$ cat my_file37.cif   # mmCIF, C-alpha atoms
data_upload
#
loop_
_atom_site.label_atom_id
_atom_site.label_comp_id
_atom_site.auth_asym_id
_atom_site.auth_seq_id
_atom_site.Cartn_x
_atom_site.Cartn_y
_atom_site.Cartn_z
CA MET A 223 6.59 35.57 -34.72
CA PRO A 224 8.09 34.72 -31.33
CA TYR A 225 5.08 32.67 -30.22
CA ARG A 226 5.06 30.57 -33.36
CA THR A 227 8.82 30.08 -33.07
CA ALA A 228 8.48 28.99 -29.45
CA LEU A 229 5.70 26.56 -30.31
CA MET A 230 7.58 25.11 -33.28
CA THR A 231 10.60 24.66 -31.02
CA ALA A 232 8.44 22.86 -28.44
CA VAL A 233 6.89 20.58 -31.08
CA LEU A 234 10.28 19.81 -32.62
CA GLY A 235 11.69 19.11 -29.16
CA ALA A 236 8.76 16.81 -28.35
CA THR A 237 9.28 14.90 -31.59
CA LEU A 238 12.99 14.51 -30.95
CA ILE A 239 12.31 13.33 -27.39
CA LEU A 240 9.98 10.58 -28.57
CA ILE A 241 12.33 9.51 -31.37
CA ALA A 242 15.37 9.48 -29.07
CA MET A 243 13.52 7.52 -26.41
CA GLY A 244 12.30 5.10 -29.07
CA PHE A 245 15.86 4.43 -30.25
CA TRP A 246 16.87 4.08 -26.60
CA VAL A 247 14.35 1.26 -26.36
CA THR A 248 15.39 -0.56 -29.53
CA ASN A 249 19.12 -0.33 -28.86
CA GLY A 250 18.90 -1.56 -25.27
CA GLU A 251 19.20 -5.10 -24.04
CA ALA A 252 16.03 -6.99 -23.24
CA SER A 253 15.35 -7.07 -19.51
CA VAL A 254 13.10 -10.11 -19.57
CA GLY A 255 14.79 -13.48 -19.49
CA GLU A 256 14.42 -16.15 -22.13
CA ARG A 257 11.36 -18.29 -21.64
CA ALA A 258 9.20 -20.69 -23.57
CA ARG A 259 6.36 -19.03 -25.44
CA GLU A 260 2.99 -20.45 -26.32
CA GLU A 261 1.74 -20.22 -29.86
CA PHE A 262 -1.77 -18.84 -30.25
CA PHE A 263 -4.09 -19.47 -33.18
CA ARG A 264 -7.52 -18.24 -34.19
CA ALA A 265 -9.87 -21.15 -34.71
CA ARG A 266 -13.52 -22.06 -35.26
CA VAL A 267 -15.26 -24.75 -33.22
CA LEU A 268 -16.49 -27.63 -35.39
CA THR A 269 -17.76 -30.17 -32.85
CA VAL A 270 -18.24 -30.36 -29.09
CA GLU A 271 -18.25 -33.73 -27.29
CA LYS A 272 -18.90 -33.96 -23.56
CA VAL A 273 -16.81 -36.48 -21.63
CA GLU A 274 -18.19 -38.12 -18.49
CA THR A 275 -16.00 -37.72 -15.41
CA GLU A 276 -16.50 -39.78 -12.27
CA ASN A 277 -14.39 -37.88 -9.79
CA ALA A 278 -14.00 -34.27 -8.79
CA LEU A 279 -10.74 -32.59 -7.85
CA ALA A 280 -12.09 -31.70 -4.40
CA PRO A 281 -15.41 -31.78 -2.51
CA GLY A 282 -17.77 -29.30 -4.13
CA PHE A 283 -15.33 -28.71 -6.99
CA VAL A 284 -17.08 -29.88 -10.16
CA LEU A 285 -14.95 -31.07 -13.04
CA GLU A 286 -16.46 -31.43 -16.50
CA GLN A 287 -14.54 -32.12 -19.64
CA GLN A 288 -15.23 -31.48 -23.31
CA LEU A 289 -13.38 -32.60 -26.40
CA LEU A 290 -13.50 -29.95 -29.09
CA THR A 291 -12.58 -30.28 -32.72
CA VAL A 292 -11.50 -26.89 -34.02
CA GLU A 293 -10.28 -25.62 -37.37
CA VAL A 294 -7.44 -23.10 -37.44
CA THR A 295 -8.68 -20.11 -39.44
CA ALA A 296 -5.55 -17.96 -39.80
CA GLY A 297 -1.78 -18.22 -39.94
CA PRO A 298 0.53 -20.87 -41.39
CA TYR A 299 -1.64 -23.71 -40.07
CA LYS A 300 -4.88 -22.43 -41.55
CA GLY A 301 -7.29 -25.27 -42.29
CA ARG A 302 -5.62 -27.66 -39.82
CA HIS A 303 -8.04 -29.59 -37.58
CA VAL A 304 -6.99 -29.86 -33.94
CA THR A 305 -8.50 -31.71 -30.98
CA VAL A 306 -8.68 -29.51 -27.90
CA VAL A 307 -9.37 -30.58 -24.32
CA ASP A 308 -11.55 -28.09 -22.43
CA ASN A 309 -11.87 -28.56 -18.66
CA HIS A 310 -14.67 -26.95 -16.64
CA THR A 311 -14.04 -26.36 -12.94
CA GLY A 312 -17.35 -24.75 -12.05
CA ASN A 313 -15.78 -21.30 -11.87
CA PRO A 314 -17.62 -18.94 -14.25
CA ALA A 315 -14.60 -16.64 -14.37
CA TYR A 316 -12.56 -19.32 -16.14
CA ASP A 317 -15.00 -21.78 -17.75
CA LEU A 318 -15.74 -21.25 -21.44
CA HIS A 319 -19.03 -22.64 -22.73
CA VAL A 320 -18.57 -22.89 -26.49
CA GLN A 321 -20.84 -24.12 -29.23
CA PRO A 322 -20.13 -25.30 -32.79
CA GLY A 323 -19.43 -22.27 -34.94
CA ASP A 324 -17.94 -20.16 -32.14
CA ARG A 325 -14.68 -18.36 -32.87
CA VAL A 326 -12.04 -19.13 -30.24
CA LEU A 327 -8.38 -18.66 -29.43
CA VAL A 328 -6.34 -21.86 -29.09
CA SER A 329 -2.92 -22.23 -27.49
CA ALA A 330 -0.61 -25.05 -28.56
CA GLU A 331 3.00 -26.11 -28.88
CA VAL A 332 4.46 -26.55 -32.35
CA VAL A 333 6.72 -29.61 -32.68
CA ASN A 334 7.96 -30.65 -36.13
CA GLY A 335 5.09 -28.83 -37.78
CA GLU A 336 2.47 -30.48 -35.57
CA LEU A 337 0.23 -28.73 -33.03
CA ILE A 338 0.32 -30.61 -29.71
CA ASN A 339 -0.98 -29.98 -26.19
CA ALA A 340 -3.68 -27.72 -27.56
CA HIS A 341 -5.90 -25.91 -25.07
CA LEU A 342 -8.80 -23.53 -25.31
CA ALA A 343 -7.37 -20.14 -24.34
CA ASP A 344 -10.35 -17.81 -24.74
CA TYR A 345 -13.03 -16.54 -27.04
CA ALA A 346 -11.73 -14.75 -30.15
CA ARG A 347 -12.83 -11.19 -29.46
CA ASP A 348 -10.44 -9.18 -31.60
CA GLN A 349 -12.70 -9.19 -34.66
CA TYR A 350 -15.47 -7.39 -32.79
CA LEU A 351 -13.00 -4.94 -31.28
CA VAL A 352 -11.80 -4.12 -34.80
CA TYR A 353 -15.40 -3.40 -35.81
CA LEU A 354 -15.79 -1.09 -32.82
CA ILE A 355 -12.53 0.72 -33.56
CA GLY A 356 -13.59 1.11 -37.18
CA GLY A 357 -16.90 2.62 -36.10
CA PHE A 358 -15.08 4.99 -33.77
CA VAL A 359 -12.68 6.15 -36.49
CA LEU A 360 -15.53 6.49 -39.00
CA ALA A 361 -17.53 8.64 -36.58
CA LEU A 362 -14.50 10.84 -35.95
CA VAL A 363 -13.83 11.36 -39.65
CA VAL A 364 -17.45 11.81 -40.79
CA ILE A 365 -18.48 14.19 -38.02
CA GLY A 366 -15.12 15.86 -37.39
CA GLY A 367 -13.93 16.16 -40.98
CA LEU A 368 -10.30 17.28 -41.16
CA LYS A 369 -10.25 17.77 -37.39
CA GLY A 370 -11.40 14.18 -37.02
CA VAL A 371 -8.58 12.93 -39.24
CA LYS A 372 -6.13 14.89 -37.12
CA ALA A 373 -7.66 13.37 -34.00
CA VAL A 374 -7.05 9.88 -35.41
CA VAL A 375 -3.42 10.80 -36.08
CA THR A 376 -2.99 12.10 -32.53
CA LEU A 377 -4.46 8.87 -31.16
CA LEU A 378 -1.88 6.91 -33.14
CA ILE A 379 0.89 9.15 -31.80
CA THR A 380 -0.34 8.64 -28.24
CA GLY A 381 -0.56 4.88 -28.71
CA LEU A 382 2.96 4.72 -30.14
CA ALA A 383 4.33 6.94 -27.37
CA VAL A 384 2.88 4.68 -24.69
CA GLY A 385 3.43 1.30 -26.38
CA TRP A 386 6.74 1.95 -28.13
CA VAL A 387 8.43 4.29 -25.64
CA LEU A 388 6.89 4.40 -22.16
CA LEU A 389 6.14 0.74 -21.48
CA PRO A 390 9.41 -0.73 -22.84
CA LEU A 391 11.48 1.79 -20.86
CA LEU A 392 9.48 1.06 -17.72
CA LEU A 393 10.22 -2.62 -18.26
CA LYS A 394 13.92 -1.77 -18.39
CA GLY A 395 13.72 -0.16 -14.96
CA TYR A 396 14.03 3.54 -15.81
CA ASN A 397 12.47 6.16 -13.54
CA PRO A 398 8.69 5.90 -14.08
CA ILE A 399 7.84 9.47 -13.05
CA VAL A 400 10.48 11.07 -15.28
CA LEU A 401 9.37 8.90 -18.20
CA ALA A 402 5.69 9.73 -17.65
CA VAL A 403 6.39 13.48 -17.50
CA LEU A 404 8.54 13.44 -20.65
CA VAL A 405 6.11 11.29 -22.64
CA SER A 406 3.05 13.26 -21.52
CA ALA A 407 4.70 16.61 -22.34
CA ALA A 408 5.70 15.35 -25.79
CA VAL A 409 2.23 13.94 -26.48
CA VAL A 410 0.56 17.17 -25.35
CA ALA A 411 2.76 19.33 -27.59
CA LEU A 412 2.34 17.13 -30.67
CA THR A 413 -1.40 16.63 -30.17
CA PHE A 414 -2.17 20.31 -29.71
CA ALA A 415 0.03 21.29 -32.65
CA LEU A 416 -1.84 18.89 -34.94
CA VAL A 417 -5.33 19.71 -33.66
CA GLY A 418 -4.99 23.44 -32.99
CA GLY A 419 -2.23 24.44 -35.38
CA LEU A 420 0.84 26.52 -34.58
CA GLY A 421 -0.57 29.56 -32.80
CA VAL A 422 -1.02 31.37 -29.52
CA LYS A 423 -4.02 29.20 -28.59
CA THR A 424 -1.98 26.02 -28.90
CA LEU A 425 0.93 27.47 -26.93
CA ALA A 426 -1.38 28.59 -24.10
CA ALA A 427 -3.15 25.22 -24.01
CA THR A 428 0.20 23.41 -23.97
CA ILE A 429 1.47 25.50 -21.05
CA GLY A 430 -1.71 25.03 -19.03
CA THR A 431 -2.04 21.32 -19.75
CA THR A 432 1.60 20.53 -19.00
CA GLY A 433 1.32 22.47 -15.75
CA GLY A 434 -1.88 20.66 -14.78
CA VAL A 435 -0.41 17.23 -15.50
CA MET A 436 2.70 18.04 -13.48
CA VAL A 437 0.54 19.22 -10.58
CA ALA A 438 -1.41 15.95 -10.72
CA GLY A 439 1.82 13.97 -10.62
CA MET A 440 3.19 16.07 -7.76
CA MET A 441 0.02 15.67 -5.71
CA ALA A 442 0.00 11.92 -6.30
CA PHE A 443 3.65 11.66 -5.27
CA LEU A 444 3.30 13.74 -2.09
CA VAL A 445 0.04 12.22 -0.86
CA GLY A 446 0.90 8.71 -2.02
CA SER A 447 4.26 8.79 -0.26
CA ALA A 448 2.76 10.21 2.93
CA ALA A 449 -0.05 7.63 2.89
CA GLN A 450 2.45 4.79 2.32
CA LEU A 451 0.78 3.56 -0.86
CA SER A 452 2.61 0.40 -1.88
CA GLY A 453 1.92 0.26 -5.60
CA PHE A 454 0.54 -3.28 -5.17
CA ALA A 455 -3.14 -2.33 -5.20
CA SER A 456 -3.94 -4.55 -8.20
CA ASP A 457 -3.35 -8.17 -9.12
CA GLU A 458 -1.45 -7.01 -12.21
CA ALA A 459 1.09 -5.12 -10.11
CA ILE A 460 1.60 -8.18 -7.92
CA ALA A 461 2.04 -10.36 -11.01
CA LEU A 462 4.78 -7.98 -12.16
CA LEU A 463 6.83 -9.18 -9.18
CA TYR A 464 7.22 -12.57 -10.85
CA VAL A 465 8.30 -11.34 -14.28
CA PRO A 466 11.74 -12.91 -14.93
CA GLN A 467 14.08 -9.92 -15.14
CA GLU A 468 17.24 -8.59 -13.56
CA ILE A 469 16.03 -5.18 -12.40
CA GLN A 470 13.92 -4.06 -9.46
CA PHE A 471 10.73 -2.24 -10.42
CA ASP A 472 9.78 0.97 -8.65
CA PHE A 473 6.17 -0.05 -8.03
CA ARG A 474 5.18 3.16 -6.29
CA GLY A 475 6.75 5.14 -9.13
CA ILE A 476 4.83 3.04 -11.67
CA LEU A 477 1.64 3.87 -9.77
CA PHE A 478 2.40 7.60 -9.92
CA ALA A 479 3.31 7.34 -13.61
CA GLY A 480 -0.06 5.72 -14.26
CA ILE A 481 -1.80 8.58 -12.48
CA ILE A 482 0.04 11.12 -14.65
CA ILE A 483 -0.84 9.33 -17.89
CA GLY A 484 -4.42 8.73 -16.75
CA ALA A 485 -4.98 12.40 -15.94
CA MET A 486 -3.43 13.65 -19.17
CA GLY A 487 -6.46 13.12 -21.41
CA ALA A 488 -8.96 15.00 -19.26
CA VAL A 489 -6.49 17.81 -18.55
CA MET A 490 -5.78 18.17 -22.28
CA ASP A 491 -9.51 18.50 -22.92
CA VAL A 492 -9.86 21.29 -20.37
CA GLY A 493 -6.75 23.14 -21.52
CA MET A 494 -7.76 23.23 -25.18
CA SER A 495 -11.39 24.10 -24.35
CA VAL A 496 -10.36 27.13 -22.28
CA ALA A 497 -7.76 28.33 -24.81
CA SER A 498 -10.17 27.93 -27.75
CA ALA A 499 -12.93 29.84 -25.95
CA MET A 500 -10.54 32.67 -25.09
CA GLU A 501 -9.39 32.86 -28.70
CA GLU A 502 -13.00 33.25 -29.85
CA VAL A 503 -13.59 35.98 -27.26
CA LYS A 504 -10.48 37.79 -28.49
CA LYS A 505 -11.65 37.59 -32.09
CA ALA A 506 -15.10 38.90 -31.19
CA ASN A 507 -13.68 41.73 -29.07
CA PRO A 508 -10.14 42.58 -30.21
CA ALA A 509 -9.93 45.50 -27.76
CA ILE A 510 -10.52 43.35 -24.69
CA ARG A 511 -7.87 43.78 -22.01
CA PRO A 512 -5.93 40.85 -20.51
CA ARG A 513 -7.90 41.04 -17.25
CA GLY A 514 -11.21 40.74 -19.10
CA LEU A 515 -9.86 37.93 -21.26
CA PHE A 516 -8.68 36.10 -18.15
CA SER A 517 -12.14 36.45 -16.57
CA ALA A 518 -13.78 35.06 -19.71
CA GLY A 519 -11.43 32.08 -19.69
CA MET A 520 -12.09 31.40 -16.02
CA ASN A 521 -15.86 31.52 -16.58
CA VAL A 522 -15.59 28.93 -19.34
CA GLY A 523 -13.15 26.87 -17.30
CA ARG A 524 -15.44 26.74 -14.28
CA ASP A 525 -18.18 25.18 -16.39
CA VAL A 526 -15.81 22.69 -17.98
CA MET A 527 -14.02 21.67 -14.78
CA GLY A 528 -17.26 20.65 -13.07
CA THR A 529 -18.20 18.14 -15.74
CA MET A 530 -14.66 16.90 -16.37
CA ALA A 531 -13.95 16.35 -12.67
CA ASN A 532 -17.14 14.30 -12.58
CA THR A 533 -15.88 12.35 -15.57
CA LEU A 534 -12.69 11.34 -13.78
CA ILE A 535 -14.43 10.43 -10.53
CA LEU A 536 -17.16 8.43 -12.29
CA ALA A 537 -14.65 6.62 -14.50
CA TYR A 538 -12.71 5.32 -11.51
CA THR A 539 -15.90 4.62 -9.54
CA GLY A 540 -17.38 2.66 -12.43
CA ALA A 541 -14.29 0.47 -12.62
CA ALA A 542 -14.54 -0.26 -8.88
CA ILE A 543 -18.26 -1.15 -8.74
CA PRO A 544 -17.70 -4.93 -8.19
CA LEU A 545 -15.33 -4.18 -5.32
CA LEU A 546 -17.76 -1.68 -3.79
CA LEU A 547 -20.55 -4.26 -4.02
CA VAL A 548 -18.38 -6.75 -2.11
CA PHE A 549 -17.87 -4.21 0.66
CA LEU A 550 -21.60 -3.49 0.77
CA ALA A 551 -22.55 -7.19 0.79
CA TYR A 552 -20.26 -7.92 3.75
CA ASP A 553 -21.16 -4.71 5.57
CA THR A 554 -17.50 -3.70 5.78
CA PRO A 555 -16.88 -0.75 8.13
CA PHE A 556 -16.04 2.52 6.39
CA LEU A 557 -12.93 2.96 8.55
CA LYS A 558 -11.50 -0.27 7.15
CA ILE A 559 -12.55 0.52 3.57
CA ILE A 560 -10.98 3.97 3.44
CA ASN A 561 -7.67 2.67 4.84
CA LEU A 562 -7.30 -0.23 2.40
CA ASP A 563 -4.35 0.21 0.04
CA MET A 564 -6.47 -0.43 -3.06
CA ILE A 565 -9.13 2.11 -2.04
CA ALA A 566 -6.64 4.77 -0.97
CA THR A 567 -4.85 4.27 -4.28
CA GLU A 568 -8.02 4.85 -6.29
CA VAL A 569 -8.93 7.91 -4.22
CA VAL A 570 -5.48 9.41 -4.79
CA ARG A 571 -5.67 8.52 -8.48
CA ALA A 572 -9.05 10.22 -8.95
CA LEU A 573 -8.48 13.29 -6.79
CA ALA A 574 -4.91 14.00 -7.90
CA GLY A 575 -6.08 13.93 -11.50
CA SER A 576 -9.03 16.16 -10.65
CA ILE A 577 -6.80 18.69 -8.86
CA GLY A 578 -4.51 18.81 -11.89
CA LEU A 579 -7.56 19.31 -14.09
CA ILE A 580 -8.87 22.14 -11.90
CA LEU A 581 -5.53 23.97 -11.75
CA CYS A 582 -5.18 23.62 -15.52
CA VAL A 583 -7.97 26.20 -15.86
CA PRO A 584 -6.21 29.19 -14.22
CA LEU A 585 -2.85 28.16 -15.69
CA THR A 586 -4.29 28.12 -19.21
CA ALA A 587 -6.29 31.30 -18.61
CA VAL A 588 -3.22 33.19 -17.37
CA ALA A 589 -1.07 31.95 -20.26
CA ALA A 590 -3.72 32.79 -22.87
CA ALA A 591 -4.46 36.21 -21.34
CA LEU A 592 -0.79 37.16 -21.38
CA LEU A 593 -0.19 35.80 -24.88
CA MET A 594 -3.43 36.99 -26.51
CA GLY A 595 -4.23 40.05 -24.47
CA ARG A 596 -2.02 42.51 -26.31
CA LYS A 597 -1.82 40.83 -29.71
CA SER A 598 -4.10 40.03 -32.62
CA VAL A 599 -4.88 36.31 -32.55
CA GLY A 600 -2.72 34.62 -35.16
CA SER A 601 -1.03 37.79 -36.45
CA GLY A 602 1.32 39.02 -33.73
CA VAL A 603 0.29 42.64 -34.49
CA PRO A 604 -0.41 44.83 -31.46
CA HIS A 605 -4.00 45.90 -31.01
CA THR A 606 -3.30 48.94 -28.90
CA GLN A 607 -3.30 51.56 -31.64
CA LYS A 608 -4.65 55.06 -31.71
CA ASN A 609 -7.91 56.00 -33.43
CA SER A 610 -7.60 57.19 -36.99
CA PRO A 611 -7.80 60.96 -37.39
CA LYS A 612 -11.12 62.31 -38.55
CA SER A 613 -11.33 63.26 -42.14
CA THR A 614 -11.64 66.91 -42.79
#
$ encode --input "my_file37.cif" --output "structure tokens"
Amino acid sequence: MPYRTALMTAVLGATLILIAMGFWVTNGEASVGERAREEFFRARVLTVEKVETENALAPGFVLEQQLLTVEVTAGPYKGRHVTVVDNHTGNPAYDLHVQPGDRVLVSAEVVNGELINAHLADYARDQYLVYLIGGFVLALVVIGGLKGVKAVVTLLITGLAVGWVLLPLLLKGYNPIVLAVLVSAAVVALTFALVGGLGVKTLAATIGTTGGVMVAGMMAFLVGSAAQLSGFASDEAIALLYVPQEIQFDFRGILFAGIIIGAMGAVMDVGMSVASAMEEVKKANPAIRPRGLFSAGMNVGRDVMGTMANTLILAYTGAAIPLLLVFLAYDTPFLKIINLDMIATEVVRALAGSIGLILCVPLTAVAAALLMGRKSVGSGVPHTQKNSPKST
């Protein structure tokens, strides 16, 4: 079948793209200079001893000190007892108030097998995150069955594509927008092939989703460039300036790449929802014409796009609530707020993704109507056949 062949070609191409880009990463030279690295260890707090301090670093700047005895609980130094100095500056964003029995992360230098200059780095949170991830995977598998297992596999593929391919190549200075488009297209093709199988539905959803993601990226690029977005709207982007490396990052391109990747999930959801609904309509009414099938897909898409656009807007708004509260507390004028780089960046991020999501609906509907309209779903056999002659 031509559709199945086209889809298999797309999936194979996506796989080869990810593999080739992965080898490109591993065979390249590291772009980050050599630097000293801290060693981190999981530990458990045994004792906490407060130390009296007579002077503060500055007026109104409280300095408290604690001496902690911790036991390393994992790694080659498991069971080792270490004394850790914990300074409190009065800043709740940085102070850690630990008690005996708490699980913490300790940073230290290793010299001749000894742990020196140990400091309290943070609470050990990874164990609880593992529990949460396990619950998420369990829910997917129990409720979703085989589809849930496939969803877990697609999540692993997405994580590898971003962590093993996209981020390392961005760190090497390659074009962020090109990388984001290639990675997102490959992830879309592989995900849909695993979840939806090799069929017309998957091909239509892939076409619509890829088109929607590209529209989102194009809108972000055009509006972001016209609005002079700098790419430095977050502290993390500014910190990237000081990474020791020999290449110049395209910060605006990294911003646009993030918008493309961020929009991909919601657009994929819409594309597959519309294509699946149209496939069911085709199965229920094999004689339906392409125009009627397109109308059915658009009706489903209109319902989906309303909720999914809300999802994108609310996700970005929820992340910005502390910043919005600061503006409200200081009665900042709206004219200043809307022209701030960080606010304009978030608006472009949310609306560009939403526009890509919205346009994914007609793109998927057109693709599915053309591909399904004249064929039996999954068989490739034309439906337009004459009525059987009456028996005599």
$ atom_distance --input "my_file37.cif" --atom1 "atom CA of A:Met441" --atom2 "atom CA of A:Phe478"
9.4 Å
$ closest_residue --input "my_file37.cif" --among "A:Met486, A:Ala373, A:Val503, A:Leu362" --to "A:Thr413" --atoms "all atoms listed in the file"
A:Ala373
$ atom_distance --input "my_file37.cif" --atom1 "atom CA of A:Gly370" --atom2 "atom CA of A:Gly357"
12.8 Å
$ resolve_selection --input "my_file37.cif" --expression "the PyMOL selection byres ((chain A and resi 453-458) around 6)" --output "PyMOL selection string"
chain A and resi 451-452+459-461+473-474+477+563-564
$ resolve_selection --input "my_file37.cif" --expression "the PyMOL selection byres ((chain A and resi 400) around 12)" --output "list in words"
Leu388, Leu391, Leu392, Gly395, Tyr396, Asn397, Pro398, Ile399, Leu401, Ala402, Val403, Leu404, Val405, Ser406, Ala407, Met436, Gly439, Met440, Gly475, Ile476, Phe478, Ala479, Gly480, Ile482 and Ile483 of chain A
$ closest_residue --input "my_file37.cif" --among "A:Gln287, A:Thr269, A:Asn334, A:Ser498" --to "A:Val422" --atoms "all atoms listed in the file"
A:Ser498
$ residues_around --input "my_file37.cif" --residues "stretch 338-343 of chain A" --least-positions-apart "3" --cutoff "9 Å" --atoms "all atoms listed in the file" --output "list in words"
Phe262, Leu290, Val304, Thr305, Val306, Val307, Asp308, Asn309, Leu318, Val326, Leu327, Val328, Ser329, Ala330, Glu331, Val332 and Val333 of chain A
$ resolve_selection --input "my_file37.cif" --expression "the PyMOL selection byres ((chain A and resi 495) around 12)" --output "MDAnalysis selection string"
chainID A and resid 414 417:418 423:424 426:428 430:431 488:494 496:502 519:527 530 579 582:583 586:587 590
$ write_last_selection --input "my_file37.cif" --atoms "C-alpha atoms" --output "compact mmCIF listing (two decimals), in the frame of the given file"
# COMPACT_ATOMS: atom_id res chain seq x y z
CA PHE A 414 -2.17 20.31 -29.71
CA VAL A 417 -5.33 19.71 -33.66
CA GLY A 418 -4.99 23.44 -32.99
CA LYS A 423 -4.02 29.20 -28.59
CA THR A 424 -1.98 26.02 -28.90
CA ALA A 426 -1.38 28.59 -24.10
CA ALA A 427 -3.15 25.22 -24.01
CA THR A 428 0.20 23.41 -23.97
CA GLY A 430 -1.71 25.03 -19.03
CA THR A 431 -2.04 21.32 -19.75
CA ALA A 488 -8.96 15.00 -19.26
CA VAL A 489 -6.49 17.81 -18.55
CA MET A 490 -5.78 18.17 -22.28
CA ASP A 491 -9.51 18.50 -22.92
CA VAL A 492 -9.86 21.29 -20.37
CA GLY A 493 -6.75 23.14 -21.52
CA MET A 494 -7.76 23.23 -25.18
CA VAL A 496 -10.36 27.13 -22.28
CA ALA A 497 -7.76 28.33 -24.81
CA SER A 498 -10.17 27.93 -27.75
CA ALA A 499 -12.93 29.84 -25.95
CA MET A 500 -10.54 32.67 -25.09
CA GLU A 501 -9.39 32.86 -28.70
CA GLU A 502 -13.00 33.25 -29.85
CA GLY A 519 -11.43 32.08 -19.69
CA MET A 520 -12.09 31.40 -16.02
CA ASN A 521 -15.86 31.52 -16.58
CA VAL A 522 -15.59 28.93 -19.34
CA GLY A 523 -13.15 26.87 -17.30
CA ARG A 524 -15.44 26.74 -14.28
CA ASP A 525 -18.18 25.18 -16.39
CA VAL A 526 -15.81 22.69 -17.98
CA MET A 527 -14.02 21.67 -14.78
CA MET A 530 -14.66 16.90 -16.37
CA LEU A 579 -7.56 19.31 -14.09
CA CYS A 582 -5.18 23.62 -15.52
CA VAL A 583 -7.97 26.20 -15.86
CA THR A 586 -4.29 28.12 -19.21
CA ALA A 587 -6.29 31.30 -18.61
CA ALA A 590 -3.72 32.79 -22.87
$ atom_distance --input "my_file37.cif" --atom1 "atom CA of A:Leu354" --atom2 "atom CA of A:Glu568"
28.3 Å
$ residues_around --input "my_file37.cif" --residues "stretch 540-552 of chain A" --least-positions-apart "5" --cutoff "10 Å" --atoms "only C-alpha atoms" --output "PDB file with C-alpha atoms, keeping the file's coordinate frame"
ATOM      1  CA  LEU A 534     -12.690  11.340 -13.780  1.00  0.00           C
ATOM      2  CA  ILE A 535     -14.430  10.430 -10.530  1.00  0.00           C
ATOM      3  CA  LYS A 558     -11.500  -0.270   7.150  1.00  0.00           C
ATOM      4  CA  ILE A 559     -12.550   0.520   3.570  1.00  0.00           C
ATOM      5  CA  MET A 564      -6.470  -0.430  -3.060  1.00  0.00           C
ATOM      6  CA  ILE A 565      -9.130   2.110  -2.040  1.00  0.00           C
ATOM      7  CA  GLU A 568      -8.020   4.850  -6.290  1.00  0.00           C
TER       8      GLU A 568
END
$ residues_near_point --input "my_file37.cif" --point "(-5.2, 18.0, -14.1)" --cutoff "6 Å" --atoms "all atoms listed in the file" --output "PyMOL selection string"
chain A and resi 434-435+438+485+489+575-580+582
$ residues_near_point --input "my_file37.cif" --point "(-20.3, -28.0, -25.7)" --cutoff "6 Å" --atoms "all atoms listed in the file" --output "mmCIF file with C-alpha atoms, keeping the file's coordinate frame"
data_model
loop_
_atom_site.group_PDB
_atom_site.id
_atom_site.type_symbol
_atom_site.label_atom_id
_atom_site.label_comp_id
_atom_site.auth_asym_id
_atom_site.auth_seq_id
_atom_site.Cartn_x
_atom_site.Cartn_y
_atom_site.Cartn_z
ATOM 1 C CA VAL A 270 -18.240 -30.360 -29.090
ATOM 2 C CA VAL A 320 -18.570 -22.890 -26.490
ATOM 3 C CA GLN A 321 -20.840 -24.120 -29.230
#
$ axis_aligned_box --input "my_file37.cif" --around "stretch 352-361 of chain A" --padding-each-side "6 Å" --output "JSON"
{"center_x": -14.7, "center_y": 2.3, "center_z": -35.9, "size_x": 17.7, "size_y": 24.8, "size_z": 18.2}
$ residues_around --input "my_file37.cif" --residues "A:Asp324" --least-positions-apart "3" --cutoff "10 Å" --atoms "only C-alpha atoms" --output "list in words"
Ala265, Arg266, Val267, Leu268, Val292, His319, Val320, Gln321, Tyr345 and Ala346 of chain A
$ write_last_selection --input "my_file37.cif" --atoms "C-alpha atoms" --output "short mmCIF file (atom, residue, chain, number, x, y, z; two decimals), in the frame of the given file"
data_model
loop_
_atom_site.label_atom_id
_atom_site.label_comp_id
_atom_site.auth_asym_id
_atom_site.auth_seq_id
_atom_site.Cartn_x
_atom_site.Cartn_y
_atom_site.Cartn_z
CA ALA A 265 -9.87 -21.15 -34.71
CA ARG A 266 -13.52 -22.06 -35.26
CA VAL A 267 -15.26 -24.75 -33.22
CA LEU A 268 -16.49 -27.63 -35.39
CA VAL A 292 -11.50 -26.89 -34.02
CA HIS A 319 -19.03 -22.64 -22.73
CA VAL A 320 -18.57 -22.89 -26.49
CA GLN A 321 -20.84 -24.12 -29.23
CA TYR A 345 -13.03 -16.54 -27.04
CA ALA A 346 -11.73 -14.75 -30.15
#
$ build_atoms --input "my_file37.cif" --residues "stretch 266-271 of chain A" --atoms "N, CA and C atoms" --output "mmCIF file, keeping the file's coordinate frame"
data_model
loop_
_atom_site.group_PDB
_atom_site.id
_atom_site.type_symbol
_atom_site.label_atom_id
_atom_site.label_comp_id
_atom_site.auth_asym_id
_atom_site.auth_seq_id
_atom_site.Cartn_x
_atom_site.Cartn_y
_atom_site.Cartn_z
ATOM 1 N N ARG A 266 -12.057 -21.974 -35.296
ATOM 2 C CA ARG A 266 -13.520 -22.060 -35.260
ATOM 3 C C ARG A 266 -13.898 -23.447 -34.751
ATOM 4 N N VAL A 267 -14.837 -23.489 -33.807
ATOM 5 C CA VAL A 267 -15.260 -24.750 -33.220
ATOM 6 C C VAL A 267 -16.110 -25.519 -34.228
ATOM 7 N N LEU A 268 -15.728 -26.776 -34.482
ATOM 8 C CA LEU A 268 -16.490 -27.630 -35.390
ATOM 9 C C LEU A 268 -17.444 -28.541 -34.627
ATOM 10 N N THR A 269 -16.925 -29.252 -33.640
ATOM 11 C CA THR A 269 -17.760 -30.170 -32.850
ATOM 12 C C THR A 269 -17.421 -30.044 -31.377
ATOM 13 N N VAL A 270 -18.409 -30.366 -30.542
ATOM 14 C CA VAL A 270 -18.240 -30.360 -29.090
ATOM 15 C C VAL A 270 -18.746 -31.695 -28.560
ATOM 16 N N GLU A 271 -17.875 -32.423 -27.856
ATOM 17 C CA GLU A 271 -18.250 -33.730 -27.290
ATOM 18 C C GLU A 271 -17.993 -33.715 -25.794
#
